[in-house]
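Asker: Handing over start-v7.cif, mmCIF, C-alpha atoms.
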data_data
loop_
_atom_site.label_atom_id
_atom_site.label_comp_id
_atom_site.auth_asym_id
_atom_site.auth_seq_id
_atom_site.Cartn_x
_atom_site.Cartn_y
_atom_site.Cartn_z
CA MET A 1 95.72 70.95 72.78
CA GLU A 2 97.68 67.77 72.23
CA VAL A 3 98.30 65.72 75.37
CA LYS A 4 101.56 63.80 75.60
CA PRO A 5 101.46 60.02 75.97
CA GLY A 6 100.73 58.77 79.48
CA TYR A 7 98.67 61.85 80.39
CA LYS A 8 95.02 62.87 80.07
CA GLN A 9 93.00 66.08 80.00
CA THR A 10 90.69 66.56 83.03
CA GLU A 11 88.64 69.26 84.75
CA VAL A 12 91.75 70.31 86.68
CA GLY A 13 94.15 70.17 83.75
CA VAL A 14 96.50 67.57 82.32
CA ILE A 15 97.42 64.81 84.78
CA PRO A 16 98.91 61.29 84.52
CA GLU A 17 96.50 58.67 83.15
CA GLU A 18 96.44 56.65 86.39
CA TRP A 19 95.75 59.68 88.57
CA TYR A 20 92.15 60.58 89.36
CA VAL A 21 90.18 63.71 90.23
CA ILE A 22 88.11 63.97 93.41
CA PRO A 23 86.42 66.77 95.37
CA LEU A 24 87.96 67.76 98.70
CA SER A 25 84.88 66.31 100.40
CA LYS A 26 86.23 62.85 99.49
CA THR A 27 89.63 63.44 101.10
CA ALA A 28 88.33 62.95 104.64
CA LYS A 29 85.51 61.14 106.39
CA ARG A 30 83.98 64.58 106.93
CA ILE A 31 84.98 68.23 106.77
CA THR A 32 83.54 69.82 109.90
CA ARG A 33 83.36 73.45 110.90
CA GLY A 34 84.57 74.54 114.32
CA ALA A 35 82.35 76.04 117.01
CA SER A 36 82.69 79.02 119.33
CA PRO A 37 80.97 79.32 122.71
CA ARG A 38 78.61 82.30 122.93
CA PRO A 39 78.99 85.00 124.05
CA ILE A 40 82.54 84.50 122.83
CA ASP A 41 84.18 86.78 125.44
CA SER A 42 82.51 85.28 128.52
CA PRO A 43 85.06 84.27 131.21
CA ILE A 44 83.12 81.09 132.01
CA TRP A 45 84.50 79.45 128.86
CA PHE A 46 88.19 79.86 129.78
CA ASP A 47 90.50 78.27 132.33
CA SER A 48 94.28 78.85 132.21
CA ARG A 49 94.83 75.60 134.14
CA SER A 50 93.17 73.50 131.43
CA SER A 51 95.21 71.25 129.13
CA VAL A 52 92.88 71.94 126.20
CA GLY A 53 93.65 75.01 124.09
CA TRP A 54 91.30 76.97 121.87
CA VAL A 55 92.59 77.76 118.38
CA ARG A 56 91.70 81.19 117.06
CA ILE A 57 92.77 82.94 113.85
CA SER A 58 95.31 85.01 115.82
CA ASP A 59 97.07 81.80 116.90
CA VAL A 60 97.50 80.71 113.28
CA THR A 61 98.63 84.19 112.23
CA ARG A 62 101.41 84.06 114.82
CA CYS A 63 102.42 80.54 113.79
CA SER A 64 104.91 80.76 110.91
CA GLY A 65 105.37 77.03 110.38
CA ARG A 66 103.30 73.97 109.59
CA TYR A 67 102.55 72.86 113.14
CA LEU A 68 100.49 74.51 115.87
CA LEU A 69 102.28 73.95 119.18
CA GLU A 70 100.39 76.29 121.51
CA THR A 71 97.38 78.57 121.85
CA THR A 72 96.92 81.81 123.77
CA GLN A 73 93.72 80.66 125.49
CA ARG A 74 92.58 77.43 127.19
CA LEU A 75 89.00 76.31 127.58
CA SER A 76 87.15 75.33 130.72
CA GLU A 77 85.05 72.17 130.79
CA ALA A 78 82.01 74.25 129.82
CA GLY A 79 83.97 75.86 126.99
CA ILE A 80 85.06 72.47 125.66
CA ARG A 81 81.46 71.25 125.60
CA ASN A 82 80.43 74.30 123.58
CA SER A 83 83.29 74.19 121.07
CA ARG A 84 84.67 71.61 118.59
CA PRO A 85 87.37 69.35 120.12
CA VAL A 86 90.09 68.05 117.78
CA PRO A 87 92.89 65.70 118.86
CA SER A 88 96.58 66.31 118.43
CA GLY A 89 97.67 65.47 114.89
CA SER A 90 94.57 66.91 113.23
CA LEU A 91 94.65 68.84 109.95
CA ILE A 92 92.68 72.09 110.19
CA MET A 93 92.23 75.01 107.80
CA SER A 94 91.21 78.62 108.44
CA ILE A 95 88.09 79.82 106.61
CA CYS A 96 88.03 83.46 107.66
CA ALA A 97 90.58 86.30 107.64
CA THR A 98 93.63 84.22 106.60
CA VAL A 99 91.46 82.04 104.37
CA GLY A 100 92.79 78.67 103.31
CA ARG A 101 95.74 78.46 105.68
CA PRO A 102 96.28 74.77 106.56
CA ILE A 103 97.98 73.76 109.77
CA GLU A 104 98.49 70.54 111.72
CA THR A 105 97.86 70.53 115.47
CA ARG A 106 100.42 69.13 117.85
CA ILE A 107 98.23 69.56 120.93
CA ASP A 108 94.74 68.48 121.94
CA THR A 109 92.60 71.51 121.30
CA CYS A 110 89.25 72.92 120.22
CA ILE A 111 88.74 75.07 117.14
CA HIS A 112 87.03 78.41 116.64
CA ASP A 113 84.23 78.56 114.07
CA GLY A 114 86.68 80.26 111.72
CA PHE A 115 88.20 76.82 110.97
CA VAL A 116 87.32 73.47 109.49
CA VAL A 117 88.87 70.15 110.45
CA PHE A 118 89.58 67.39 107.91
CA ASP A 119 88.36 64.57 110.12
CA GLN A 120 89.96 61.15 109.50
CA PRO A 121 91.60 61.82 106.10
CA THR A 122 91.07 59.10 103.49
CA ILE A 123 94.33 59.97 101.71
CA GLU A 124 97.85 60.53 103.04
CA GLN A 125 97.42 63.47 105.42
CA SER A 126 100.83 65.01 104.73
CA PHE A 127 100.01 64.98 100.99
CA LEU A 128 96.63 66.61 101.70
CA TYR A 129 98.39 69.31 103.73
CA HIS A 130 100.54 70.27 100.73
CA VAL A 131 97.52 70.22 98.40
CA LEU A 132 95.75 72.67 100.71
CA ALA A 133 98.87 74.83 101.01
CA ALA A 134 99.02 75.05 97.20
CA LEU A 135 95.35 76.06 97.08
CA GLU A 136 95.66 78.81 99.71
CA PRO A 137 96.31 81.72 97.28
CA ALA A 138 93.29 80.74 95.16
CA TRP A 139 90.74 80.74 97.99
CA SER A 140 90.75 84.53 98.34
CA LYS A 141 89.23 84.77 94.85
CA HIS A 142 86.25 82.66 95.90
CA GLY A 143 85.59 83.76 99.48
CA GLN A 144 82.82 86.08 100.55
CA THR A 145 83.68 89.48 101.99
CA GLY A 146 81.94 91.17 104.89
CA SER A 147 83.85 92.59 107.79
CA GLN A 148 86.53 90.09 106.75
CA MET A 149 87.14 87.49 104.06
CA ASN A 150 85.50 84.12 104.73
CA LEU A 151 85.03 80.81 102.96
CA ASN A 152 81.97 78.57 103.12
CA THR A 153 82.20 74.81 103.45
CA GLY A 154 80.25 74.24 100.25
CA LEU A 155 83.10 75.77 98.21
CA ILE A 156 85.62 73.67 100.09
CA ASN A 157 83.73 70.40 99.67
CA GLY A 158 83.26 70.89 95.94
CA ARG A 159 86.85 71.88 95.09
CA LEU A 160 88.34 69.32 92.67
CA ILE A 161 91.94 68.14 93.08
CA PRO A 162 94.15 65.59 91.28
CA ILE A 163 95.26 62.60 93.35
CA PRO A 164 97.95 59.95 92.76
CA PRO A 165 96.48 56.43 92.95
CA THR A 166 98.74 55.03 95.68
CA GLU A 167 99.66 56.16 99.18
CA ALA A 168 103.29 55.45 98.29
CA GLU A 169 103.30 58.15 95.59
CA GLN A 170 101.32 60.54 97.79
CA ARG A 171 103.85 59.99 100.57
CA ALA A 172 106.83 60.45 98.25
CA ILE A 173 105.48 63.81 97.03
CA ALA A 174 104.73 64.93 100.58
CA THR A 175 108.22 63.93 101.75
CA ALA A 176 109.92 65.89 98.97
CA LEU A 177 107.90 69.03 99.73
CA SER A 178 108.32 68.59 103.49
CA ASP A 179 112.10 68.42 103.03
CA VAL A 180 112.00 71.85 101.37
CA ASP A 181 109.75 73.10 104.18
CA GLY A 182 112.38 71.88 106.63
CA LEU A 183 115.06 73.81 104.76
CA LEU A 184 112.87 76.93 104.81
CA GLY A 185 112.21 76.49 108.52
CA GLY A 186 115.93 76.19 109.20
CA LEU A 187 116.61 79.35 107.22
CA ASP A 188 113.85 81.19 109.09
CA GLN A 189 115.36 80.15 112.42
CA LEU A 190 118.84 81.21 111.30
CA ILE A 191 117.56 84.57 110.07
CA THR A 192 115.76 85.16 113.37
CA LYS A 193 118.94 84.31 115.28
CA LYS A 194 121.05 86.63 113.12
CA ARG A 195 118.52 89.45 113.52
CA ASP A 196 118.60 89.04 117.28
CA LEU A 197 122.40 89.16 117.21
CA LYS A 198 122.29 92.31 115.07
CA GLN A 199 119.86 93.97 117.49
CA ALA A 200 122.11 93.09 120.42
CA ALA A 201 125.17 94.43 118.59
CA MET A 202 123.36 97.68 117.78
CA GLN A 203 122.34 98.10 121.42
CA GLN A 204 125.92 97.61 122.57
CA LEU A 205 127.87 99.45 119.87
CA LEU A 206 125.58 102.42 119.16
CA THR A 207 125.33 103.34 122.83
CA GLY A 208 129.00 102.89 123.70
CA GLN A 209 128.26 100.07 126.16
CA THR A 210 130.76 98.00 124.17
CA ARG A 211 133.73 99.67 122.45
CA LEU A 212 135.55 98.20 119.50
CA PRO A 213 139.26 97.47 120.08
CA GLY A 214 141.51 100.56 119.90
CA PHE A 215 138.81 103.16 120.57
CA HIS A 216 138.57 105.27 123.70
CA GLY A 217 137.45 108.75 124.65
CA GLU A 218 134.16 110.41 125.43
CA TRP A 219 131.26 110.58 123.03
CA GLU A 220 129.57 113.89 122.32
CA VAL A 221 125.91 114.79 122.02
CA LYS A 222 124.67 116.68 118.97
CA THR A 223 121.31 117.44 117.44
CA LEU A 224 120.70 116.53 113.83
CA PHE A 225 120.51 120.18 112.87
CA GLU A 226 123.86 120.82 114.58
CA LEU A 227 125.33 117.97 112.54
CA ALA A 228 124.04 119.78 109.47
CA GLU A 229 125.96 122.87 110.68
CA ARG A 230 122.56 124.58 111.10
CA LYS A 231 122.34 124.97 107.34
CA LYS A 232 118.99 124.40 105.64
CA GLU A 233 120.67 123.22 102.44
CA LEU A 234 122.15 120.32 104.46
CA PHE A 235 118.90 119.49 106.24
CA ASP A 236 115.99 120.17 103.93
CA ASP A 237 112.74 118.60 102.80
CA GLY A 238 111.94 117.11 99.44
CA ASP A 239 109.51 118.81 97.11
CA TRP A 240 105.74 119.21 97.12
CA ILE A 241 105.03 116.97 94.14
CA GLU A 242 101.33 116.34 93.66
CA SER A 243 99.70 113.60 91.61
CA GLU A 244 99.27 115.70 88.46
CA HIS A 245 103.06 116.00 88.17
CA ILE A 246 103.73 112.24 88.37
CA THR A 247 104.51 110.38 85.14
CA THR A 248 105.87 106.99 84.07
CA GLU A 249 109.22 108.26 82.77
CA GLY A 250 111.61 111.16 83.19
CA ILE A 251 113.21 112.18 86.49
CA ARG A 252 112.89 109.48 89.15
CA LEU A 253 110.69 110.28 92.15
CA ILE A 254 111.58 108.65 95.47
CA GLN A 255 108.45 108.33 97.64
CA THR A 256 107.99 107.53 101.32
CA GLY A 257 107.28 103.89 100.45
CA ASN A 258 110.78 103.56 98.99
CA ILE A 259 112.35 104.23 102.38
CA GLY A 260 112.59 101.19 104.61
CA VAL A 261 114.18 100.77 108.01
CA GLY A 262 117.85 101.10 107.14
CA SER A 263 117.48 100.27 103.46
CA PHE A 264 116.09 101.52 100.17
CA VAL A 265 113.00 99.59 99.02
CA GLU A 266 112.57 99.33 95.26
CA LYS A 267 109.01 99.12 93.96
CA ASP A 268 107.65 97.69 90.73
CA ASP A 269 105.59 100.82 90.01
CA LYS A 270 108.38 103.38 89.77
CA LYS A 271 107.28 107.02 89.66
CA TYR A 272 108.77 109.93 87.73
CA ILE A 273 108.23 113.60 86.94
CA ASN A 274 109.05 115.38 83.69
CA ASP A 275 111.51 118.22 83.10
CA ALA A 276 108.76 120.84 83.02
CA SER A 277 107.57 119.85 86.51
CA PHE A 278 111.16 119.71 87.77
CA THR A 279 111.68 123.29 86.62
CA SER A 280 108.32 124.73 87.69
CA LEU A 281 108.50 123.17 91.17
CA ARG A 282 112.18 124.12 91.57
CA CYS A 283 112.96 120.60 92.68
CA LYS A 284 116.08 119.64 94.59
CA GLN A 285 118.09 116.92 92.89
CA LEU A 286 119.28 114.08 95.12
CA ARG A 287 122.84 112.81 95.15
CA GLN A 288 124.17 109.33 95.79
CA GLY A 289 125.05 109.05 99.49
CA ASP A 290 122.25 111.36 100.68
CA LEU A 291 120.69 110.25 103.94
CA LEU A 292 116.91 110.21 103.46
CA VAL A 293 114.73 110.35 106.58
CA CYS A 294 111.00 109.69 106.21
CA ARG A 295 108.94 111.92 108.51
CA LEU A 296 105.71 110.02 107.91
CA ALA A 297 104.68 106.79 109.63
CA ASP A 298 104.95 103.86 109.67
CA PRO A 299 107.35 104.17 111.40
CA ALA A 300 108.19 107.86 111.23
CA GLY A 301 111.95 108.40 111.34
CA ARG A 302 112.98 105.41 109.22
CA ALA A 303 115.95 106.20 107.01
CA CYS A 304 118.23 104.93 104.28
CA VAL A 305 121.38 106.05 102.50
CA LEU A 306 120.66 106.58 98.80
CA SER A 307 122.80 104.19 96.82
CA ASP A 308 123.19 103.85 93.06
CA ILE A 309 119.68 102.88 91.91
CA GLY A 310 120.43 103.20 88.21
CA GLU A 311 118.82 106.62 87.72
CA GLU A 312 120.56 109.71 86.35
CA ARG A 313 118.37 112.30 88.11
CA ILE A 314 116.34 111.77 91.29
CA VAL A 315 113.99 113.88 93.42
CA THR A 316 111.96 113.08 96.50
CA SER A 317 108.69 114.06 98.17
CA VAL A 318 108.05 116.68 100.85
CA ASP A 319 107.67 114.15 103.69
CA VAL A 320 111.28 113.07 103.24
CA THR A 321 114.11 115.07 104.82
CA ILE A 322 117.36 115.18 102.83
CA PHE A 323 120.17 115.04 105.40
CA ARG A 324 123.72 115.84 104.26
CA PRO A 325 125.97 116.03 107.30
CA PRO A 326 129.54 116.96 106.29
CA PRO A 327 131.65 113.80 105.90
CA GLU A 328 134.27 115.16 108.29
CA LEU A 329 131.64 115.25 111.07
CA ALA A 330 129.58 112.12 110.61
CA ASP A 331 129.53 108.76 108.85
CA ARG A 332 126.14 108.54 107.14
CA VAL A 333 125.99 104.75 107.32
CA PHE A 334 126.58 105.02 111.09
CA LEU A 335 123.73 107.54 111.33
CA CYS A 336 121.48 105.25 109.31
CA GLN A 337 122.15 102.48 111.84
CA VAL A 338 121.29 104.87 114.69
CA PHE A 339 118.07 105.72 112.85
CA SER A 340 117.12 102.02 112.88
CA THR A 341 117.10 101.58 116.67
CA SER A 342 114.07 101.34 118.93
CA GLU A 343 115.41 104.26 120.98
CA TRP A 344 115.43 106.45 117.88
CA PHE A 345 111.89 105.51 116.90
CA ARG A 346 110.69 106.28 120.45
CA ALA A 347 112.33 109.70 120.26
CA VAL A 348 110.66 110.40 116.92
CA SER A 349 107.28 109.11 118.12
CA ASP A 350 107.40 111.33 121.21
CA ARG A 351 107.78 114.36 118.94
CA SER A 352 105.26 113.29 116.27
CA GLY A 353 101.78 114.71 115.84
CA GLY A 354 98.61 113.74 114.06
CA THR A 355 95.81 111.28 114.78
CA THR A 356 95.25 109.08 111.73
CA HIS A 357 98.71 109.72 110.21
CA LYS A 358 101.62 110.23 112.59
CA ARG A 359 104.14 112.74 111.27
CA ILE A 360 107.15 114.59 112.67
CA SER A 361 108.04 118.07 111.48
CA ARG A 362 111.49 118.76 110.08
CA GLY A 363 112.11 121.22 112.91
CA ALA A 364 111.27 118.64 115.58
CA LEU A 365 113.40 116.06 113.76
CA GLY A 366 116.34 118.44 113.71
CA ARG A 367 116.13 118.98 117.49
CA ILE A 368 116.59 115.29 118.33
CA SER A 369 119.96 114.64 119.96
CA ILE A 370 122.14 111.58 119.34
CA ASN A 371 125.39 110.32 120.85
CA LEU A 372 128.42 110.40 118.56
CA PRO A 373 131.86 108.84 118.94
CA SER A 374 134.83 110.06 116.90
CA LEU A 375 134.51 109.74 113.13
CA PRO A 376 136.92 106.75 112.90
CA GLU A 377 134.90 104.91 115.55
CA GLN A 378 131.65 105.75 113.75
CA THR A 379 133.07 104.24 110.57
CA ALA A 380 134.33 101.13 112.35
CA ILE A 381 130.94 100.55 114.01
CA ALA A 382 129.15 101.12 110.68
CA GLU A 383 131.37 98.51 108.99
CA VAL A 384 130.64 95.88 111.66
CA LEU A 385 126.88 96.43 111.49
CA SER A 386 126.87 96.67 107.69
CA ASP A 387 128.64 93.31 107.46
CA MET A 388 125.89 91.83 109.63
CA ASP A 389 123.27 93.42 107.36
CA ALA A 390 124.96 91.92 104.30
CA GLU A 391 124.94 88.46 105.90
CA LEU A 392 121.25 88.84 106.71
CA ALA A 393 120.46 90.02 103.18
CA GLY A 394 122.26 86.98 101.77
CA LEU A 395 120.25 84.63 103.98
CA GLU A 396 116.98 86.34 103.06
CA GLN A 397 117.84 86.08 99.36
CA ARG A 398 118.60 82.39 99.82
CA ARG A 399 115.25 81.94 101.58
CA GLU A 400 113.39 83.63 98.72
CA LYS A 401 115.13 81.40 96.17
CA THR A 402 114.19 78.35 98.24
CA ARG A 403 110.56 79.52 98.38
CA ALA A 404 110.56 79.95 94.62
CA LEU A 405 112.00 76.45 94.28
CA LYS A 406 109.21 75.06 96.45
CA GLN A 407 106.55 76.79 94.36
CA ALA A 408 108.03 75.26 91.22
CA MET A 409 108.17 71.83 92.88
CA MET A 410 104.52 72.10 93.93
CA GLN A 411 103.50 72.91 90.36
CA GLU A 412 105.40 69.88 89.09
CA LEU A 413 104.69 67.30 91.79
CA LEU A 414 101.07 68.05 92.69
CA THR A 415 99.99 67.88 89.05
CA GLY A 416 102.02 64.79 88.14
CA ARG A 417 104.15 66.61 85.56
CA THR A 418 107.15 65.18 87.44
CA ARG A 419 106.77 61.70 88.93
CA LEU A 420 108.73 60.40 91.91
CA VAL A 421 107.64 56.74 91.73
#
Do you think you could lay out the structure here as structure tokens?
Answerer:
Amino acid sequence: MEVKPGYKQTEVGVIPEEWYVIPLSKTAKRITRGASPRPIDSPIWFDSRSSVGWVRISDVTRCSGRYLLETTQRLSEAGIRNSRPVPSGSLIMSICATVGRPIETRIDTCIHDGFVVFDQPTIEQSFLYHVLAALEPAWSKHGQTGSQMNLNTGLINGRLIPIPPTEAEQRAIATALSDVDGLLGGLDQLITKKRDLKQAAMQQLLTGQTRLPGFHGEWEVKTLFELAERKKELFDDGDWIESEHITTEGIRLIQTGNIGVGSFVEKDDKKYINDASFTSLRCKQLRQGDLLVCRLADPAGRACVLSDIGEERIVTSVDVTIFRPPPELADRVFLCQVFSTSEWFRAVSDRSGGTTHKRISRGALGRISINLPSLPEQTAIAEVLSDMDAELAGLEQRREKTRALKQAMMQELLTGRTRLV
């Protein structure tokens, strides 16, 4: 393959001529594995009054950003002596479970033996962080599997990476990528805030604790089956469609995995059945606007209103209840919001059976009671909450586009295809 002027072919691909290739072992004075006191659950190792935390995989899993600010456990003096202390500002990386996840500490801590620390980096640490973040997806292909995925230090030390020759260029790349991380972090915080506001609004509006302007009067209590006018054709299950009936084209099959909490979830591997199966199984054809309630965990009781998904004919599986309350009695979008509350999921869980797979029967589902305002108030509440959902969806879409932008930037900047200095 022809290499354009100013670039060269190397073991890691085409990079600028002045860049060089080194193993990760050369990026720090040493790469050292953490240590865990044994037996790991002994109380003598822990002291809640200590200022020194102990980083475990669960702490990193809970940490969504770049920096570790706290740990769930603190070590006693004996625990510190039997672990691996690392100062605040250290770059560590998980080597088991969430393999390859880099994170920078912002507290003095010790690390579990499921981590390594890049001790005294010899290159710009912020640049090294982004290199490790780019490598994270690849580590799972090379780790060893036992009870959980893990990565040995030999693989880490020998991994080759391209490096710009100057700290100035390393720093410029790190700054550009960190700016995008900052944008992503801001979006994450905004999404969390908006979700909290939505949850608060649901709690107030769907229980009648707060009434929208112009609405008064008592709410009534009805079971789902009463809302379906006690008619099976308005409150019925999907069809018993087994694997031998499933094809790659024909009549679209909606499965339990397509039903999210309050929304339809499209999958890449769409399923279908053919006309012969539709006829032999006497399938019920879905209609746009049907309220679909999944009776199988997790969680049982989640629901969505079927919108236009671009399919002419649609059926669903037996663990999905097709709920068609008459429009003069109930607003289906309002009901879908009710079916997204924690109170609803508790009610469903209390009536669910099974050990390995929790499931609620259609009969038990139909006996659950909900509080209903007048139809105009239902519609008004649904509009308010749906507007909040739309705002959240827009923010989440913006976040995904920003993540895609960062991935593209990493491909360009960390390989030298695009130069900043």
Asker: Translate the PyMOL selection byres ((chain A and resi 179-183) around 9) into a concrete residue list for this structure, as a list in words.
Answerer: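 Evaluating the PyMOL selection byres ((chain A and resi 179-183) around 9) on these coordinates yields Gly65, Arg66, Ala174, Thr175, Ala176, Leu177, Ser178, Leu184, Gly185, Gly186, Leu187, Asp188, Arg399, Thr402, Arg403, Leu405 and Lys406 of chain A.
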Asker: In Å, how far is it from atom CA of Gly154 of chain A to atom CA of Ala408 of chain A?
Answerer: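 Going from atom CA of Gly154 of chain A over to atom CA of Ala408 of chain A covers 29.2 Å.
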Asker: The PyMOL selection byres ((chain A and resi 201) around 12) - which residues does that actually catch in the file I just gave you? List them as an mmCIF file with C-alpha atoms, in the frame of the given file.
Answerer:
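Just written: part33.cif:
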data_model
loop_
_atom_site.group_PDB
_atom_site.id
_atom_site.type_symbol
_atom_site.label_atom_id
_atom_site.label_comp_id
_atom_site.auth_asym_id
_atom_site.auth_seq_id
_atom_site.Cartn_x
_atom_site.Cartn_y
_atom_site.Cartn_z
ATOM 1 C CA LYS A 194 121.050 86.630 113.120
ATOM 2 C CA ARG A 195 118.520 89.450 113.520
ATOM 3 C CA ASP A 196 118.600 89.040 117.280
ATOM 4 C CA LEU A 197 122.400 89.160 117.210
ATOM 5 C CA LYS A 198 122.290 92.310 115.070
ATOM 6 C CA GLN A 199 119.860 93.970 117.490
ATOM 7 C CA ALA A 200 122.110 93.090 120.420
ATOM 8 C CA MET A 202 123.360 97.680 117.780
ATOM 9 C CA GLN A 203 122.340 98.100 121.420
ATOM 10 C CA GLN A 204 125.920 97.610 122.570
ATOM 11 C CA LEU A 205 127.870 99.450 119.870
ATOM 12 C CA LEU A 206 125.580 102.420 119.160
ATOM 13 C CA THR A 207 125.330 103.340 122.830
ATOM 14 C CA GLY A 208 129.000 102.890 123.700
ATOM 15 C CA GLN A 209 128.260 100.070 126.160
ATOM 16 C CA THR A 210 130.760 98.000 124.170
ATOM 17 C CA ARG A 211 133.730 99.670 122.450
ATOM 18 C CA LEU A 212 135.550 98.200 119.500
ATOM 19 C CA GLN A 337 122.150 102.480 111.840
ATOM 20 C CA VAL A 338 121.290 104.870 114.690
ATOM 21 C CA THR A 341 117.100 101.580 116.670
ATOM 22 C CA ILE A 381 130.940 100.550 114.010
ATOM 23 C CA ALA A 382 129.150 101.120 110.680
ATOM 24 C CA VAL A 384 130.640 95.880 111.660
ATOM 25 C CA LEU A 385 126.880 96.430 111.490
ATOM 26 C CA SER A 386 126.870 96.670 107.690
ATOM 27 C CA ASP A 387 128.640 93.310 107.460
ATOM 28 C CA MET A 388 125.890 91.830 109.630
ATOM 29 C CA ASP A 389 123.270 93.420 107.360
#
Asker: With all atoms listed in the file as the basis for distance, which of A:Arg359, A:Lys193, A:His130, A:Arg56 is at the shortest distance from Ile173 of chain A?
Answerer: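 Ranking A:Arg359, A:Lys193, A:His130, A:Arg56 by distance to Ile173 of chain A, first place goes to A:His130.
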Asker: Which residues, written as a list of chain:residue names, have at least one atom at most 6 Å from segment 35-45 of chain A, with all atoms listed in the file counted and residues fewer than 6 positions away on the same chain left out?
Answerer: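 The residues satisfying every condition are A:Leu75, A:Ser76, A:Ala78, A:Gly79, A:Asn82, A:Ser83, A:Arg84, A:His112, A:Asp113.
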Asker: What does the structure give for the distance between atom CA of Asn258 of chain A and atom CA of Gly363 of chain A, in Å to one decimal?
Answerer: 22.5 Å
Asker: Excluding segment 51-55 of chain A and its own-chain neighbours fewer than 2 positions away, which residues fall within 6 Å of it when counting all atoms listed in the file? Please give them as a list in words.
Answerer: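 In the requested form, the answer reads Thr71, Gln73, Arg74, Leu75, Asp108, Thr109, Cys110, Ile111 and His112 of chain A.
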Asker: Please enclose the listed atoms of segment 184-196 of chain A in an axis-aligned box, pad each side by 5 Å, and write out the centre and the three edge lengths in Å, rounded to one decimal, as lines of an AutoDock Vina configuration file.
Answerer:
center_x = 116.6
center_y = 82.8
center_z = 111.0
size_x = 18.8
size_y = 23.3
size_z = 22.5
Asker: In terms of the shortest atom-to-atom distance over only C-alpha atoms, which of A:Val21, A:Cys283, A:Val60, A:Ile80 is closest to Asp236 of chain A?
Answerer: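 For Asp236 of chain A, the nearest of the given residues is A:Cys283.
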Asker: By how many Å are atom CA of Ser340 of chain A and atom CA of Phe264 of chain A apart?
Answerer: 12.8 Å
Asker: What residues come out when you apply the PyMOL selection byres ((chain A and resi 347) around 12) to this file, written as a PyMOL selection string?
Answerer: chain A and resi 299-302+338-346+348-352+360+364-370
Asker: Store the residues of this selection in a file with C-alpha atoms, as a short mmCIF file (atom, residue, chain, number, x, y, z; two decimals), in the frame of the given file.
Answerer:
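Output file out_19.cif follows:
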data_model
loop_
_atom_site.label_atom_id
_atom_site.label_comp_id
_atom_site.auth_asym_id
_atom_site.auth_seq_id
_atom_site.Cartn_x
_atom_site.Cartn_y
_atom_site.Cartn_z
CA PRO A 299 107.35 104.17 111.40
CA ALA A 300 108.19 107.86 111.23
CA GLY A 301 111.95 108.40 111.34
CA ARG A 302 112.98 105.41 109.22
CA VAL A 338 121.29 104.87 114.69
CA PHE A 339 118.07 105.72 112.85
CA SER A 340 117.12 102.02 112.88
CA THR A 341 117.10 101.58 116.67
CA SER A 342 114.07 101.34 118.93
CA GLU A 343 115.41 104.26 120.98
CA TRP A 344 115.43 106.45 117.88
CA PHE A 345 111.89 105.51 116.90
CA ARG A 346 110.69 106.28 120.45
CA VAL A 348 110.66 110.40 116.92
CA SER A 349 107.28 109.11 118.12
CA ASP A 350 107.40 111.33 121.21
CA ARG A 351 107.78 114.36 118.94
CA SER A 352 105.26 113.29 116.27
CA ILE A 360 107.15 114.59 112.67
CA ALA A 364 111.27 118.64 115.58
CA LEU A 365 113.40 116.06 113.76
CA GLY A 366 116.34 118.44 113.71
CA ARG A 367 116.13 118.98 117.49
CA ILE A 368 116.59 115.29 118.33
CA SER A 369 119.96 114.64 119.96
CA ILE A 370 122.14 111.58 119.34
#
Asker: Name the residues in contact with Leu132 of chain A at a cut-off of 12 Å, using only C-alpha atoms, excluding same-chain residues fewer than 6 positions from it; report them as a PyMOL selection string.
Answerer: chain A and resi 24+27+66+91-94+99-104+118+125-126+138-139+156+159-162+174+410+414
